[in-house]
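*Asks:* Structure file entry13.cif (mmCIF, C-alpha atoms) right here:
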data_run
loop_
_atom_site.group_PDB
_atom_site.id
_atom_site.type_symbol
_atom_site.label_atom_id
_atom_site.label_comp_id
_atom_site.auth_asym_id
_atom_site.auth_seq_id
_atom_site.Cartn_x
_atom_site.Cartn_y
_atom_site.Cartn_z
ATOM 1 C CA MET A 126 0.000 0.000 0.000
ATOM 2 C CA LYS A 127 2.867 2.356 0.881
ATOM 3 C CA LYS A 128 4.564 1.676 -2.484
ATOM 4 C CA ILE A 129 1.343 2.452 -4.371
ATOM 5 C CA LEU A 130 0.965 5.775 -2.531
ATOM 6 C CA VAL A 131 4.584 6.702 -3.297
ATOM 7 C CA LEU A 132 4.041 5.794 -6.967
ATOM 8 C CA ILE A 133 0.858 7.908 -7.174
ATOM 9 C CA LEU A 134 2.614 10.898 -5.578
ATOM 10 C CA THR A 135 5.598 10.512 -7.909
ATOM 11 C CA VAL A 136 3.367 10.396 -11.011
ATOM 12 C CA ALA A 137 1.417 13.430 -9.771
ATOM 13 C CA ALA A 138 4.639 15.371 -9.163
ATOM 14 C CA LEU A 139 5.932 14.520 -12.644
ATOM 15 C CA GLY A 140 2.622 15.582 -14.218
ATOM 16 C CA ALA A 141 2.842 18.981 -12.506
ATOM 17 C CA ALA A 142 6.455 19.604 -13.513
ATOM 18 C CA GLN A 143 7.000 23.034 -15.010
ATOM 19 C CA ASN A 144 8.277 23.244 -18.554
ATOM 20 C CA LYS A 145 10.257 26.374 -19.356
ATOM 21 C CA TRP A 146 10.463 27.768 -22.880
ATOM 22 C CA LYS A 147 12.552 30.683 -24.135
ATOM 23 C CA ILE A 148 11.991 32.730 -27.306
ATOM 24 C CA GLU A 149 14.503 31.937 -30.045
ATOM 25 C CA LYS A 150 14.975 35.456 -31.465
ATOM 26 C CA SER A 151 16.526 34.441 -34.769
ATOM 27 C CA HIS A 152 13.278 32.665 -35.721
ATOM 28 C CA SER A 153 10.781 35.074 -34.125
ATOM 29 C CA ASN A 154 9.421 38.560 -34.753
ATOM 30 C CA VAL A 155 7.295 41.241 -33.106
ATOM 31 C CA ASN A 156 5.428 43.390 -35.658
ATOM 32 C CA PHE A 157 2.913 46.219 -35.636
ATOM 33 C CA ALA A 158 0.682 48.078 -38.089
ATOM 34 C CA VAL A 159 -1.065 51.427 -37.743
ATOM 35 C CA THR A 160 -3.261 53.482 -40.081
ATOM 36 C CA HIS A 161 -1.615 56.484 -41.744
ATOM 37 C CA LEU A 162 -3.499 59.239 -43.626
ATOM 38 C CA ILE A 163 -6.790 57.444 -42.839
ATOM 39 C CA VAL A 164 -6.504 54.887 -45.687
ATOM 40 C CA SER A 165 -2.847 53.830 -45.723
ATOM 41 C CA GLU A 166 -0.997 51.568 -43.297
ATOM 42 C CA VAL A 167 2.506 51.792 -41.862
ATOM 43 C CA THR A 168 4.144 48.640 -40.546
ATOM 44 C CA GLY A 169 7.120 48.141 -38.304
ATOM 45 C CA LYS A 170 8.851 45.750 -35.976
ATOM 46 C CA PHE A 171 10.905 45.595 -32.827
ATOM 47 C CA LYS A 172 14.351 44.047 -33.253
ATOM 48 C CA ASP A 173 15.156 43.560 -29.542
ATOM 49 C CA PHE A 174 12.780 41.422 -27.465
ATOM 50 C CA SER A 175 12.803 38.406 -25.200
ATOM 51 C CA GLY A 176 10.275 36.178 -23.564
ATOM 52 C CA THR A 177 9.433 32.966 -21.797
ATOM 53 C CA ILE A 178 6.531 30.596 -21.339
ATOM 54 C CA GLU A 179 6.095 28.229 -18.410
ATOM 55 C CA ASN A 180 3.568 25.422 -18.486
ATOM 56 C CA SER A 181 2.850 22.113 -16.830
ATOM 57 C CA LYS A 182 0.020 20.917 -19.093
ATOM 58 C CA GLU A 183 0.941 19.413 -22.453
ATOM 59 C CA ASP A 184 -1.677 21.549 -24.271
ATOM 60 C CA PHE A 185 -0.297 24.842 -22.802
ATOM 61 C CA SER A 186 -3.700 25.663 -21.270
ATOM 62 C CA ASP A 187 -1.943 26.772 -18.058
ATOM 63 C CA MET A 188 0.829 28.777 -19.761
ATOM 64 C CA LYS A 189 2.412 31.765 -18.050
ATOM 65 C CA LEU A 190 3.660 34.188 -20.660
ATOM 66 C CA ASP A 191 6.254 36.907 -20.031
ATOM 67 C CA ILE A 192 7.512 39.195 -22.842
ATOM 68 C CA ALA A 193 9.866 42.208 -22.792
ATOM 69 C CA ILE A 194 10.350 44.518 -25.796
ATOM 70 C CA ASN A 195 12.965 47.252 -26.097
ATOM 71 C CA ALA A 196 11.203 50.302 -27.601
ATOM 72 C CA ASN A 197 14.605 51.647 -28.715
ATOM 73 C CA SER A 198 14.689 48.807 -31.260
ATOM 74 C CA VAL A 199 11.626 50.041 -33.199
ATOM 75 C CA ASP A 200 12.198 49.813 -36.960
ATOM 76 C CA THR A 201 9.833 51.088 -39.672
ATOM 77 C CA ASP A 202 12.500 51.287 -42.391
ATOM 78 C CA GLU A 203 12.486 55.085 -42.034
ATOM 79 C CA PRO A 204 15.154 56.423 -39.606
ATOM 80 C CA LYS A 205 13.487 59.838 -39.136
ATOM 81 C CA ARG A 206 10.154 58.226 -38.217
ATOM 82 C CA ASP A 207 11.928 55.725 -35.953
ATOM 83 C CA GLY A 208 13.588 58.617 -34.110
ATOM 84 C CA HIS A 209 10.188 60.275 -33.634
ATOM 85 C CA LEU A 210 8.683 57.020 -32.349
ATOM 86 C CA LYS A 211 11.503 56.659 -29.785
ATOM 87 C CA GLY A 212 10.997 60.247 -28.583
ATOM 88 C CA PRO A 213 8.632 61.769 -25.991
ATOM 89 C CA ASP A 214 5.677 61.997 -28.432
ATOM 90 C CA PHE A 215 5.492 58.205 -28.517
ATOM 91 C CA PHE A 216 7.587 55.660 -26.563
ATOM 92 C CA ASN A 217 9.731 58.175 -24.638
ATOM 93 C CA ALA A 218 12.384 55.461 -24.775
ATOM 94 C CA ALA A 219 15.119 57.624 -23.223
ATOM 95 C CA VAL A 220 13.107 57.540 -19.974
ATOM 96 C CA ASP A 221 11.464 54.089 -20.056
ATOM 97 C CA SER A 222 12.450 51.889 -22.978
ATOM 98 C CA ILE A 223 11.044 48.509 -21.889
ATOM 99 C CA VAL A 224 7.529 47.392 -22.824
ATOM 100 C CA THR A 225 6.335 44.281 -20.974
ATOM 101 C CA PHE A 226 3.462 41.820 -21.138
ATOM 102 C CA LYS A 227 2.781 39.394 -18.275
ATOM 103 C CA SER A 228 -0.112 36.979 -18.514
ATOM 104 C CA THR A 229 -2.647 36.776 -15.700
ATOM 105 C CA LYS A 230 -5.216 34.328 -17.147
ATOM 106 C CA VAL A 231 -5.445 31.768 -19.962
ATOM 107 C CA GLU A 232 -8.660 30.508 -21.521
ATOM 108 C CA LYS A 233 -8.475 27.633 -23.996
ATOM 109 C CA THR A 234 -11.018 28.372 -26.741
ATOM 110 C CA SER A 235 -10.359 25.302 -28.926
ATOM 111 C CA ASP A 236 -7.525 22.911 -29.765
ATOM 112 C CA GLY A 237 -4.366 24.999 -29.877
ATOM 113 C CA LYS A 238 -6.192 28.326 -29.501
ATOM 114 C CA PHE A 239 -6.270 30.533 -26.422
ATOM 115 C CA LYS A 240 -7.333 33.919 -25.087
ATOM 116 C CA VAL A 241 -4.423 35.087 -22.938
ATOM 117 C CA THR A 242 -5.231 38.011 -20.657
ATOM 118 C CA GLY A 243 -2.372 39.972 -19.186
ATOM 119 C CA ASP A 244 -0.885 43.293 -18.176
ATOM 120 C CA LEU A 245 0.767 45.367 -20.903
ATOM 121 C CA MET A 246 3.069 48.003 -19.409
ATOM 122 C CA MET A 247 4.358 50.837 -21.575
ATOM 123 C CA ARG A 248 5.547 54.352 -20.608
ATOM 124 C CA GLY A 249 4.838 53.493 -16.967
ATOM 125 C CA VAL A 250 1.165 52.761 -17.695
ATOM 126 C CA THR A 251 -0.285 49.267 -17.208
ATOM 127 C CA ARG A 252 -3.501 48.178 -18.915
ATOM 128 C CA GLN A 253 -5.120 44.795 -19.362
ATOM 129 C CA VAL A 254 -4.887 43.307 -22.868
ATOM 130 C CA VAL A 255 -6.202 40.067 -24.363
ATOM 131 C CA LEU A 256 -4.025 38.229 -26.891
ATOM 132 C CA ASP A 257 -5.470 35.745 -29.370
ATOM 133 C CA VAL A 258 -2.844 32.997 -29.238
ATOM 134 C CA GLN A 259 -2.482 29.998 -31.521
ATOM 135 C CA LEU A 260 -0.136 27.090 -30.882
ATOM 136 C CA LYS A 261 1.026 26.341 -34.434
ATOM 137 C CA GLY A 262 2.767 23.156 -33.342
ATOM 138 C CA LYS A 263 5.613 21.441 -31.533
ATOM 139 C CA THR A 264 8.588 19.769 -33.153
ATOM 140 C CA LYS A 265 12.287 19.020 -32.778
ATOM 141 C CA ASN A 266 14.894 21.276 -34.349
ATOM 142 C CA PRO A 267 18.036 19.852 -36.044
ATOM 143 C CA TRP A 268 19.908 20.091 -32.709
ATOM 144 C CA GLY A 269 17.430 17.811 -30.927
ATOM 145 C CA GLN A 270 15.718 20.570 -28.931
ATOM 146 C CA THR A 271 11.943 20.593 -28.492
ATOM 147 C CA VAL A 272 10.453 23.695 -30.092
ATOM 148 C CA ALA A 273 6.966 25.212 -29.787
ATOM 149 C CA ILE A 274 5.707 27.744 -32.348
ATOM 150 C CA PHE A 275 3.073 30.346 -31.471
ATOM 151 C CA LYS A 276 1.330 33.179 -33.307
ATOM 152 C CA SER A 277 -0.464 35.876 -31.365
ATOM 153 C CA ASN A 278 -2.453 38.997 -32.267
ATOM 154 C CA THR A 279 -4.123 41.867 -30.488
ATOM 155 C CA THR A 280 -5.213 45.434 -31.186
ATOM 156 C CA ILE A 281 -4.585 48.211 -28.681
ATOM 157 C CA ASN A 282 -5.509 51.886 -28.550
ATOM 158 C CA ARG A 283 -2.088 53.562 -28.220
ATOM 159 C CA THR A 284 -3.535 56.670 -26.524
ATOM 160 C CA GLU A 285 -4.406 54.582 -23.433
ATOM 161 C CA TRP A 286 -0.644 54.309 -22.780
ATOM 162 C CA GLY A 287 0.088 57.991 -23.399
ATOM 163 C CA LEU A 288 1.128 57.714 -27.072
ATOM 164 C CA LYS A 289 -1.179 60.578 -28.032
ATOM 165 C CA TRP A 290 0.753 62.570 -30.646
ATOM 166 C CA ASN A 291 -1.198 63.300 -33.823
ATOM 167 C CA LYS A 292 -1.944 65.938 -36.445
ATOM 168 C CA GLY A 293 -5.256 66.865 -37.982
ATOM 169 C CA LEU A 294 -5.605 66.614 -41.757
ATOM 170 C CA GLU A 295 -6.914 69.424 -43.920
ATOM 171 C CA ALA A 296 -9.639 67.161 -45.310
ATOM 172 C CA GLY A 297 -10.565 65.931 -41.812
ATOM 173 C CA GLY A 298 -9.399 62.996 -39.767
ATOM 174 C CA LEU A 299 -6.023 62.338 -38.184
ATOM 175 C CA LEU A 300 -2.570 61.609 -39.587
ATOM 176 C CA VAL A 301 -1.947 58.532 -37.374
ATOM 177 C CA GLY A 302 -4.570 55.994 -36.331
ATOM 178 C CA GLU A 303 -5.118 55.334 -32.639
ATOM 179 C CA ASN A 304 -5.476 51.561 -33.001
ATOM 180 C CA VAL A 305 -2.293 49.521 -33.369
ATOM 181 C CA ASP A 306 -2.344 45.892 -34.501
ATOM 182 C CA LEU A 307 0.350 43.801 -32.797
ATOM 183 C CA THR A 308 1.493 40.410 -34.093
ATOM 184 C CA PHE A 309 3.927 38.069 -32.351
ATOM 185 C CA ASN A 310 5.386 35.133 -34.304
ATOM 186 C CA VAL A 311 7.537 33.228 -31.864
ATOM 187 C CA GLU A 312 9.530 30.051 -31.809
ATOM 188 C CA LEU A 313 10.323 28.877 -28.289
ATOM 189 C CA VAL A 314 12.968 26.369 -27.292
ATOM 190 C CA GLN A 315 12.359 24.177 -24.265
ATOM 191 C CA GLY A 316 14.907 24.275 -21.490
#
Mind turning this structure into structure tokens?

*Replies:*
Amino acid sequence: MKKILVLILTVAALGAAQNKWKIEKSHSNVNFAVTHLIVSEVTGKFKDFSGTIENSKEDFSDMKLDIAINANSVDTDEPKRDGHLKGPDFFNAAVDSIVTFKSTKVEKTSDGKFKVTGDLMMRGVTRQVVLDVQLKGKTKNPWGQTVAIFKSNTTINRTEWGLKWNKGLEAGGLLVGENVDLTFNVELVQG
């Protein structure tokens, strides 16, 4: 009887073991898109970011997600615009360059799909955001490491974090849209 109890406790402990995953930057990207001149769209990316996921369930339904993005790494392929985005009108990166997301709740919506609620902190302001997350799959890379691939999207209103700069247009409307679409394509390596 004692052996059976020890075996049950051992199996339970193994089932609850935490898996740790780290973003592999060379195979990942963090992108954004925002409306420009009402009908156009400007896209960009962040070159410097990191992140981890911890989970104990095989389907990732208990994942804890933690992402950090360096706002100084913003890149829209236009150096003058990038400088403006790093400045006080937008990210104010000289004062607070790190943007973070930390998950607080995960809801599995279907196989491999989740709503991940968490706190997005930017410019010293924290607001709750919901990411639509899809587990694209798990595989082994050529070096024998287990890899998990995720894609995630959300839309935020940049003014809620103090990124309020804009200009009115002669024909009406604003130069820069308030809503920003964020997309995370990440490959995570276990261990």

*Asks:* Please list as a list of chain:residue names every residue within 6 Å of stretch 250-257 of chain A, counting all atoms listed in the file and excluding residues in the same chain fewer than 5 positions away.

*Replies:*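 Answer for this query is A:Lys240, A:Val241, A:Thr242, A:Gly243, A:Asp244, A:Leu245, A:Ser277, A:Asn278, A:Thr279, A:Trp286.
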
*Asks:* Apply the PyMOL selection byres ((chain A and resi 307-311) around 10) to the file shown and report the selected residues as number ranges by chain.

*Replies:* A: 147-159, 168-170, 175-176, 256-261, 273-281, 304-306, 312-314

*Asks:* Pick from A:Asp214, A:Asp221, A:Asp184, A:Asp236: nearest to A:Gly287, with only C-alpha atoms counted?

*Replies:*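 Ranking A:Asp214, A:Asp221, A:Asp184, A:Asp236 by distance to A:Gly287, first place goes to A:Asp214.
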
*Asks:* Pick out the residues sitting within 7 Å of A:Trp146, and hand them over as an NGL selection string; count only C-alpha atoms, and ignore anything fewer than 5 positions along from it in its own chain.

*Replies:* :A and (177-179 or 313-316)

*Asks:* Could you check which of A:Asn291, A:Asn144, A:Ser228, A:Gln270 is closest to A:Lys189, using all atoms listed in the file?

*Replies:*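 Nearest to A:Lys189: A:Ser228.
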
*Asks:* If I take atom CA of A:Phe171 and atom CA of A:Ile223, how far is one from the other in Å, to one decimal?

*Replies:*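 Distance reported for this atom pair: 11.3 Å.
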
*Asks:* Using atom CA of A:Gly298 and atom CA of A:Gly249 as the two end points, give the distance in Å to one decimal.

*Replies:* 28.5 Å

*Asks:* Set up a box along x, y and z of the file covering all listed atoms of stretch 236-255 of chain A, add 3 Å on every one of the six sides, and write the centre and edge lengths in Å to one decimal, as AutoDock Vina command-line options.

*Replies:*
--center_x -1.0 --center_y 38.6 --center_z -23.4 --size_x 19.1 --size_y 37.4 --size_z 18.9

*Asks:* For A:Ser198, work out the shell of residues within 9 Å, counting only C-alpha atoms and skipping chain neighbours fewer than 5 positions away, then give it as a list in words.

*Replies:*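 Result of the neighbour search: Lys170, Phe171, Lys172, Asp173, Phe174, Asp207 and Lys211 of chain A.
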
*Asks:* Report, in Å with one decimal, the straight-line distance from atom CA of A:Ile194 to atom CA of A:Gly208.

*Replies:*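 Straight-line distance from atom CA of A:Ile194 to atom CA of A:Gly208 works out to 16.7 Å.
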
*Asks:* Name every residue that the PyMOL selection byres ((chain A and resi 224) around 7) selects in this structure, writing the answer as a list in words with chains first and numbers rising.

*Replies:*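 Going through the file, the PyMOL selection byres ((chain A and resi 224) around 7) ends up selecting Ala193, Ile194, Asn195, Ala196, Ser222, Ile223, Thr225, Met246 and Met247 of chain A.
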